[in-house]
$ cat entry-v9.cif   # mmCIF, C-alpha atoms
data_data
#
loop_
_atom_site.label_atom_id
_atom_site.label_comp_id
_atom_site.auth_asym_id
_atom_site.auth_seq_id
_atom_site.Cartn_x
_atom_site.Cartn_y
_atom_site.Cartn_z
CA MET A 10 89.28 171.56 71.53
CA SER A 11 85.99 170.06 72.59
CA LEU A 12 85.02 167.66 75.35
CA ASN A 13 82.71 164.67 74.86
CA SER A 14 81.70 165.62 71.32
CA ALA A 15 83.59 163.04 69.24
CA HIS A 16 82.07 159.71 70.23
CA ALA A 17 78.90 157.78 69.40
CA GLN A 18 77.63 154.29 70.22
CA GLY A 19 80.96 153.18 71.66
CA GLY A 20 82.92 154.44 68.63
CA VAL A 21 84.42 157.61 67.19
CA LEU A 22 82.35 160.39 65.59
CA ILE A 23 83.93 162.41 62.77
CA PHE A 24 82.64 165.25 60.61
CA ALA A 25 81.27 164.87 57.11
CA GLY A 26 84.25 164.84 54.75
CA GLU A 27 86.77 164.22 57.53
CA ARG A 28 89.10 161.25 57.11
CA ILE A 29 90.89 159.06 59.66
CA LEU A 30 94.58 158.73 58.76
CA ILE A 31 95.98 156.82 61.77
CA TYR A 32 94.29 154.66 64.39
CA TYR A 33 96.21 153.65 67.55
CA ASP A 34 94.80 151.48 70.32
CA GLY A 35 96.90 151.76 73.48
CA ILE A 36 97.16 155.40 74.50
CA GLU A 37 97.48 156.91 77.97
CA ILE A 38 96.71 160.59 78.29
CA SER A 39 96.76 163.07 81.16
CA PHE A 40 95.77 166.73 81.43
CA ASP A 41 96.70 169.73 83.52
CA GLY A 42 93.71 171.97 83.05
CA PRO A 43 91.28 174.29 84.80
CA SER A 44 89.95 173.12 88.15
CA SER A 45 86.48 173.80 86.81
CA VAL A 46 86.82 170.83 84.42
CA PRO A 47 86.77 167.69 86.62
CA GLN A 48 86.71 165.47 83.52
CA MET A 49 90.41 166.21 83.04
CA LYS A 50 91.47 164.69 86.35
CA GLY A 51 93.39 161.41 86.37
CA LYS A 52 94.99 159.33 83.67
CA LYS A 53 92.85 158.22 80.74
CA HIS A 54 93.29 155.08 78.64
CA GLY A 55 91.93 154.45 75.19
CA ARG A 56 92.38 155.01 71.47
CA VAL A 57 93.69 157.94 69.48
CA TYR A 58 92.89 158.92 65.90
CA LEU A 59 94.80 161.27 63.62
CA THR A 60 92.39 162.71 61.06
CA THR A 61 92.65 165.25 58.27
CA HIS A 62 91.46 167.96 60.67
CA ARG A 63 92.41 167.03 64.25
CA VAL A 64 93.44 164.44 66.82
CA ILE A 65 90.67 162.56 68.64
CA PHE A 66 90.93 160.60 71.89
CA ASN A 67 88.28 158.01 72.79
CA SER A 68 88.20 156.46 76.26
CA LYS A 69 88.02 152.69 76.76
CA ASP A 70 86.29 153.14 80.10
CA GLY A 71 82.59 153.55 79.49
CA LYS A 72 82.15 155.01 82.98
CA ASP A 73 84.79 157.73 82.64
CA SER A 74 83.37 161.25 82.65
CA MET A 75 85.60 161.95 79.62
CA GLN A 76 84.45 159.74 76.78
CA SER A 77 86.11 161.72 74.00
CA PHE A 78 88.42 164.65 73.50
CA SER A 79 88.99 166.59 70.27
CA PHE A 80 92.25 168.42 69.43
CA PRO A 81 91.81 170.62 66.32
CA PHE A 82 95.20 171.34 64.76
CA LEU A 83 94.67 175.10 64.82
CA LEU A 84 94.07 175.12 68.58
CA MET A 85 97.22 173.20 69.58
CA ARG A 86 100.52 174.90 70.35
CA GLU A 87 103.95 174.17 71.83
CA VAL A 88 103.68 170.55 70.69
CA GLU A 89 106.85 168.52 71.36
CA LEU A 90 107.98 164.90 71.06
CA GLU A 91 109.64 163.58 74.20
CA GLN A 92 111.97 160.54 74.39
CA PRO A 93 112.78 159.92 78.07
CA VAL A 94 115.55 157.51 79.05
CA PHE A 95 113.07 155.52 81.12
CA GLY A 96 109.43 155.08 80.23
CA ALA A 97 107.39 155.36 77.07
CA ASN A 98 107.86 158.14 74.53
CA TYR A 99 105.14 160.75 74.58
CA ILE A 100 103.77 163.87 72.94
CA LYS A 101 103.12 166.98 75.00
CA GLY A 102 101.60 170.34 74.25
CA LYS A 103 98.88 172.85 75.03
CA ILE A 104 95.32 172.92 73.76
CA LYS A 105 92.82 175.77 73.77
CA ALA A 106 89.08 175.28 74.14
CA GLU A 107 87.00 175.87 71.04
CA PRO A 108 83.66 177.71 71.08
CA TYR A 109 80.83 175.54 72.40
CA GLY A 110 83.40 172.87 73.28
CA ASN A 111 81.88 171.99 76.68
CA TRP A 112 84.73 173.65 78.58
CA ASP A 113 86.65 176.95 78.67
CA GLY A 114 90.27 177.94 78.96
CA GLU A 115 93.51 176.16 78.13
CA ALA A 116 95.09 172.89 79.24
CA LYS A 117 98.40 171.06 78.99
CA PHE A 118 98.39 167.46 77.84
CA LYS A 119 100.74 164.48 77.71
CA MET A 120 99.98 161.57 75.39
CA TYR A 121 101.87 158.32 76.06
CA PHE A 122 102.14 155.56 73.46
CA THR A 123 102.34 152.34 75.45
CA HIS A 124 103.14 150.14 72.43
CA GLY A 125 105.55 152.48 70.62
CA GLY A 126 104.90 154.75 67.65
CA ALA A 127 104.93 158.12 69.42
CA ILE A 128 107.63 159.61 67.18
CA GLU A 129 105.98 158.47 63.94
CA PHE A 130 102.55 159.61 65.10
CA GLY A 131 103.93 162.95 66.30
CA LYS A 132 105.73 163.69 63.04
CA ALA A 133 102.61 162.88 61.02
CA MET A 134 100.53 165.06 63.34
CA LEU A 135 102.89 168.01 62.93
CA THR A 136 102.87 167.58 59.14
CA ALA A 137 99.06 167.53 59.10
CA ALA A 138 98.91 170.58 61.36
CA THR A 139 101.27 172.50 59.07
CA MET A 140 99.19 171.63 56.01
CA ALA A 141 95.97 172.63 57.78
CA SER A 142 97.43 175.98 58.86
CA ARG A 143 98.18 176.81 55.22
CA ASN A 144 94.53 176.25 54.35
CA ARG A 145 93.16 178.56 57.00
CA PRO A 146 90.97 181.24 55.38
CA PRO A 147 92.02 184.86 56.02
CA GLN A 148 88.60 185.64 57.51
CA PRO A 149 87.09 182.44 58.91
CA PRO A 150 83.32 182.50 59.33
CA PRO A 151 82.01 182.74 62.89
CA TYR A 152 81.65 179.32 64.45
CA SER A 153 78.17 178.07 65.25
CA PRO A 154 77.47 174.60 66.65
CA PRO A 155 75.48 172.19 64.47
CA MET A 156 71.86 172.11 65.47
CA ASN A 157 70.26 168.68 65.77
CA ALA A 158 72.90 167.15 63.51
CA GLY A 159 72.44 163.42 63.11
CA PHE A 160 75.06 160.81 62.27
CA TYR A 161 75.37 157.55 60.36
CA ALA A 162 77.87 154.73 59.83
CA ALA A 163 80.87 156.16 57.99
CA PRO A 164 81.64 154.75 54.51
CA PRO A 165 84.97 152.88 54.12
CA PRO A 166 86.90 155.72 52.39
CA ALA A 167 86.57 157.70 55.61
CA TYR A 168 88.79 155.32 57.59
CA GLU A 169 90.61 152.93 55.22
CA PRO A 170 94.18 153.80 54.07
CA PRO A 171 94.01 155.79 50.81
CA ARG A 172 95.70 154.51 47.68
CA ASN A 173 97.30 157.65 46.33
CA SER A 174 100.52 159.61 46.80
CA TYR A 175 98.90 162.59 48.52
CA TYR A 176 99.25 160.79 51.86
CA SER A 177 102.80 159.50 51.34
CA TRP A 178 103.81 161.27 54.58
CA VAL A 179 101.48 159.12 56.70
CA PRO A 180 103.43 156.23 58.32
CA TYR A 181 101.12 153.38 57.35
CA GLY A 182 104.00 150.95 57.86
CA THR A 183 103.88 151.73 61.59
CA PHE A 184 100.08 152.03 61.77
CA PRO A 185 98.72 149.60 59.16
CA GLU A 186 95.41 148.77 60.83
CA PRO A 187 92.29 150.88 60.23
CA PRO A 188 89.71 151.17 63.01
CA PRO A 189 86.95 148.55 63.09
CA ALA A 190 84.28 149.43 60.54
CA GLN A 191 81.44 149.25 63.04
CA SER A 192 83.17 151.78 65.31
CA VAL A 193 83.31 154.81 62.96
CA PHE A 194 80.39 157.20 62.62
CA MET A 195 80.03 160.36 60.55
CA SER A 196 78.13 163.49 61.50
CA GLU A 197 75.98 165.39 59.04
CA ALA A 198 77.90 168.57 59.90
CA PRO A 199 81.11 169.54 58.04
CA PRO A 200 84.28 170.42 59.98
CA PRO A 201 84.27 173.95 61.46
CA TYR A 202 88.02 174.28 60.83
CA PRO A 203 90.38 173.57 57.89
CA GLY A 204 92.10 170.28 57.16
CA VAL A 205 95.09 169.04 55.19
CA HIS A 206 93.52 169.63 51.77
CA PRO A 207 92.52 173.10 50.51
CA ASN A 208 89.74 171.89 48.20
CA ALA A 209 87.96 169.39 50.41
CA ALA A 210 84.40 168.64 49.36
CA TYR A 211 81.83 167.14 51.62
CA PRO A 212 79.10 164.60 50.94
CA PRO A 213 75.49 165.73 51.12
CA TYR A 214 73.52 165.35 54.30
CA PRO A 215 71.31 162.24 54.43
CA THR A 216 67.70 163.21 53.95
CA ALA A 217 64.49 161.47 54.82
CA PRO A 218 62.43 160.17 51.87
CA SER A 219 59.41 162.26 50.98
CA ALA A 220 55.91 160.88 51.27
CA HIS A 221 55.40 160.40 47.53
CA GLN A 222 58.54 158.31 46.97
CA ASN A 223 58.22 154.60 46.28
CA GLY A 224 60.49 152.05 47.92
CA TYR A 225 63.05 152.06 45.13
CA ASP A 226 63.43 155.84 45.17
CA ALA A 227 63.80 155.86 48.95
CA LYS A 228 66.57 153.25 48.85
CA ALA A 229 68.35 155.03 46.02
CA GLN A 230 68.23 158.31 47.91
CA GLU A 231 69.50 156.61 51.05
CA ALA A 232 72.48 155.19 49.15
CA ALA A 233 73.25 158.53 47.53
CA ALA A 234 73.04 160.28 50.89
CA SER A 235 75.66 157.98 52.40
CA ALA A 236 77.94 158.31 49.37
CA TYR A 237 81.44 159.60 49.96
CA TYR A 238 83.46 161.78 47.60
CA ASP A 239 87.16 161.66 48.37
CA PRO A 240 88.58 165.11 47.62
CA TYR A 241 92.12 163.68 47.71
CA ASN A 242 91.39 160.99 45.12
CA THR A 243 89.01 162.55 42.63
CA HIS A 244 88.85 159.43 40.45
CA ASN A 245 87.05 157.39 43.08
CA PHE A 246 83.56 157.78 44.44
CA TYR A 247 82.04 155.44 46.98
CA ALA A 248 78.29 154.85 46.96
CA PRO A 249 76.75 151.81 48.65
CA ALA A 250 74.21 149.83 46.68
CA ALA A 251 70.58 150.09 47.71
CA MET A 252 69.71 147.25 50.07
CA GLY A 253 66.63 145.09 50.26
CA ASN A 254 64.51 143.23 47.77
CA VAL A 255 62.92 146.28 46.25
CA ALA A 256 61.42 146.11 42.77
CA PRO A 257 62.40 148.78 40.22
CA PRO A 258 59.93 151.61 39.68
CA ALA A 259 57.01 151.09 37.32
CA TYR A 260 57.02 152.81 33.93
CA ALA A 261 55.84 156.37 34.26
CA SER A 262 54.39 156.28 30.72
CA ALA A 263 52.95 153.71 28.34
CA PRO A 264 55.02 150.60 27.57
CA PRO A 265 57.32 150.71 24.52
CA PRO A 266 55.74 149.92 21.12
CA ALA A 267 55.78 146.40 19.70
CA TYR A 268 58.68 145.37 17.49
CA SER A 269 56.49 145.43 14.36
CA GLU A 270 55.46 149.02 15.00
CA ALA A 271 59.06 150.07 15.59
CA ALA A 272 60.12 148.39 12.33
CA LYS A 273 57.48 150.29 10.35
CA LYS A 274 58.79 153.62 11.67
CA SER A 275 62.37 152.73 10.76
CA ASN A 276 61.31 151.93 7.21
#
$ encode --input "entry-v9.cif" --output "structure tokens"
Amino acid sequence: MSLNSAHAQGGVLIFAGERILIYYDGIEISFDGPSSVPQMKGKKHGRVYLTTHRVIFNSKDGKDSMQSFSFPFLLMREVELEQPVFGANYIKGKIKAEPYGNWDGEAKFKMYFTHGGAIEFGKAMLTAATMASRNRPPQPPPYSPPMNAGFYAAPPPAYEPPRNSYYSWVPYGTFPEPPPAQSVFMSEAPPPYPGVHPNAAYPPYPTAPSAHQNGYDAKAQEAAASAYYDPYNTHNFYAPAAMGNVAPPAYASAPPPAYSEAAKKSN
């Protein structure tokens, strides 16, 4: 789990190739963690996201010292769904800090769903965690934090409900709304831990245009860089069109021959 590493510009920050499955606005979360982590003190209010690789909490309070909290599936344990006689249903469990996660140790958490949906969210989370655990490599590579990784606005397939049977276990009837488009950002770095699909592929990092490129090539490269390949729906590929009134590139060679010349060759 990492602290304050999953938010950007007032929205959520996900990895390249990661997908948001459920978005819920109306969460209350509390922690019982090390005294050396003051960001865990007090109740937090905000939004929660279930993705293909983890659970992410984003705070609604821009002044809170905890702006985001990441719960990788492989670092959670003793997760339970609680249905008290009085009060809102909630999910509780323990989370372990991940390397370079801005804190150390282990913490307990309780996640309250103030508008309902805790049971459905919890069941989907446990299903995703089980799928991710099956895809864990026998010898995972040593984790290293991304260096100077940038981010960009995530393409729609990263947060809109998918249209295939692979995600039939996700309760979209309970959570039909995707997060606002302008609130989802995607890092250039891929996830450092496995997700629900064993053959996930990630889009290429956006790259800056080289000095010799013309305007058309630069826009085309920009669109290709922000393309999104959905590993769970291999028949679809999202690539935004190049923007701007940019003229097509000039011919690299001489113009085509006149019609009369072409006719002579065909005869």
$ closest_residue --input "entry-v9.cif" --among "A:Pro81, A:Ala15, A:Lys101, A:Pro93" --to "Phe66 in chain A" --atoms "all atoms listed in the file"
A:Ala15
$ residues_around --input "entry-v9.cif" --residues "Arg86 in chain A" --least-positions-apart "2" --cutoff "12 Å" --atoms "only C-alpha atoms" --output "PyMOL selection string"
chain A and resi 10+80-84+88-89+100-105+115-118+135+138-139+142
$ write_last_selection --input "entry-v9.cif" --atoms "C-alpha atoms" --output "PDB file, in the frame of the given file"
ATOM      1  CA  MET A  10      89.280 171.560  71.530  1.00  0.00           C
ATOM      2  CA  PHE A  80      92.250 168.420  69.430  1.00  0.00           C
ATOM      3  CA  PRO A  81      91.810 170.620  66.320  1.00  0.00           C
ATOM      4  CA  PHE A  82      95.200 171.340  64.760  1.00  0.00           C
ATOM      5  CA  LEU A  83      94.670 175.100  64.820  1.00  0.00           C
ATOM      6  CA  LEU A  84      94.070 175.120  68.580  1.00  0.00           C
ATOM      7  CA  VAL A  88     103.680 170.550  70.690  1.00  0.00           C
ATOM      8  CA  GLU A  89     106.850 168.520  71.360  1.00  0.00           C
ATOM      9  CA  ILE A 100     103.770 163.870  72.940  1.00  0.00           C
ATOM     10  CA  LYS A 101     103.120 166.980  75.000  1.00  0.00           C
ATOM     11  CA  GLY A 102     101.600 170.340  74.250  1.00  0.00           C
ATOM     12  CA  LYS A 103      98.880 172.850  75.030  1.00  0.00           C
ATOM     13  CA  ILE A 104      95.320 172.920  73.760  1.00  0.00           C
ATOM     14  CA  LYS A 105      92.820 175.770  73.770  1.00  0.00           C
ATOM     15  CA  GLU A 115      93.510 176.160  78.130  1.00  0.00           C
ATOM     16  CA  ALA A 116      95.090 172.890  79.240  1.00  0.00           C
ATOM     17  CA  LYS A 117      98.400 171.060  78.990  1.00  0.00           C
ATOM     18  CA  PHE A 118      98.390 167.460  77.840  1.00  0.00           C
ATOM     19  CA  LEU A 135     102.890 168.010  62.930  1.00  0.00           C
ATOM     20  CA  ALA A 138      98.910 170.580  61.360  1.00  0.00           C
ATOM     21  CA  THR A 139     101.270 172.500  59.070  1.00  0.00           C
ATOM     22  CA  SER A 142      97.430 175.980  58.860  1.00  0.00           C
TER      23      SER A 142
END
$ closest_residue --input "entry-v9.cif" --among "A:Val94, A:Val57, A:Leu30, A:Val193" --to "Phe122 in chain A" --atoms "only C-alpha atoms"
A:Val57
$ closest_residue --input "entry-v9.cif" --among "A:Glu107, A:Trp178, A:Lys69, A:Gly114" --to "Asp41 in chain A" --atoms "all atoms listed in the file"
A:Gly114
$ axis_aligned_box --input "entry-v9.cif" --around "range 125-132 of chain A" --padding-each-side "3 Å" --output "JSON"
{"center_x": 105.1, "center_y": 158.1, "center_z": 66.8, "size_x": 11.1, "size_y": 17.2, "size_z": 13.6}
$ resolve_selection --input "entry-v9.cif" --expression "the PyMOL selection byres ((chain A and resi 125-134) around 6)" --output "list in words"
Asn98, Tyr99, Phe122, Thr123, His124, Leu135, Thr136, Ala137 and Val179 of chain A
$ closest_residue --input "entry-v9.cif" --among "A:Ile36, A:Ala163, A:Val205, A:Ile23" --to "Tyr175 in chain A" --atoms "all atoms listed in the file"
A:Val205
$ atom_distance --input "entry-v9.cif" --atom1 "CA of Ala97 in chain A" --atom2 "CA of Met49 in chain A"
21.0 Å
$ atom_distance --input "entry-v9.cif" --atom1 "CA of His206 in chain A" --atom2 "CA of Ser174 in chain A"
13.2 Å
$ atom_distance --input "entry-v9.cif" --atom1 "CA of Thr61 in chain A" --atom2 "CA of Gly204 in chain A"
5.2 Å
$ residues_around --input "entry-v9.cif" --residues "Ser11 in chain A" --least-positions-apart "5" --cutoff "8 Å" --atoms "only C-alpha atoms" --output "list of chain:residue names"
A:Phe78, A:Ser79, A:Phe80, A:Ala106, A:Glu107, A:Tyr109, A:Gly110, A:Asn111, A:Trp112
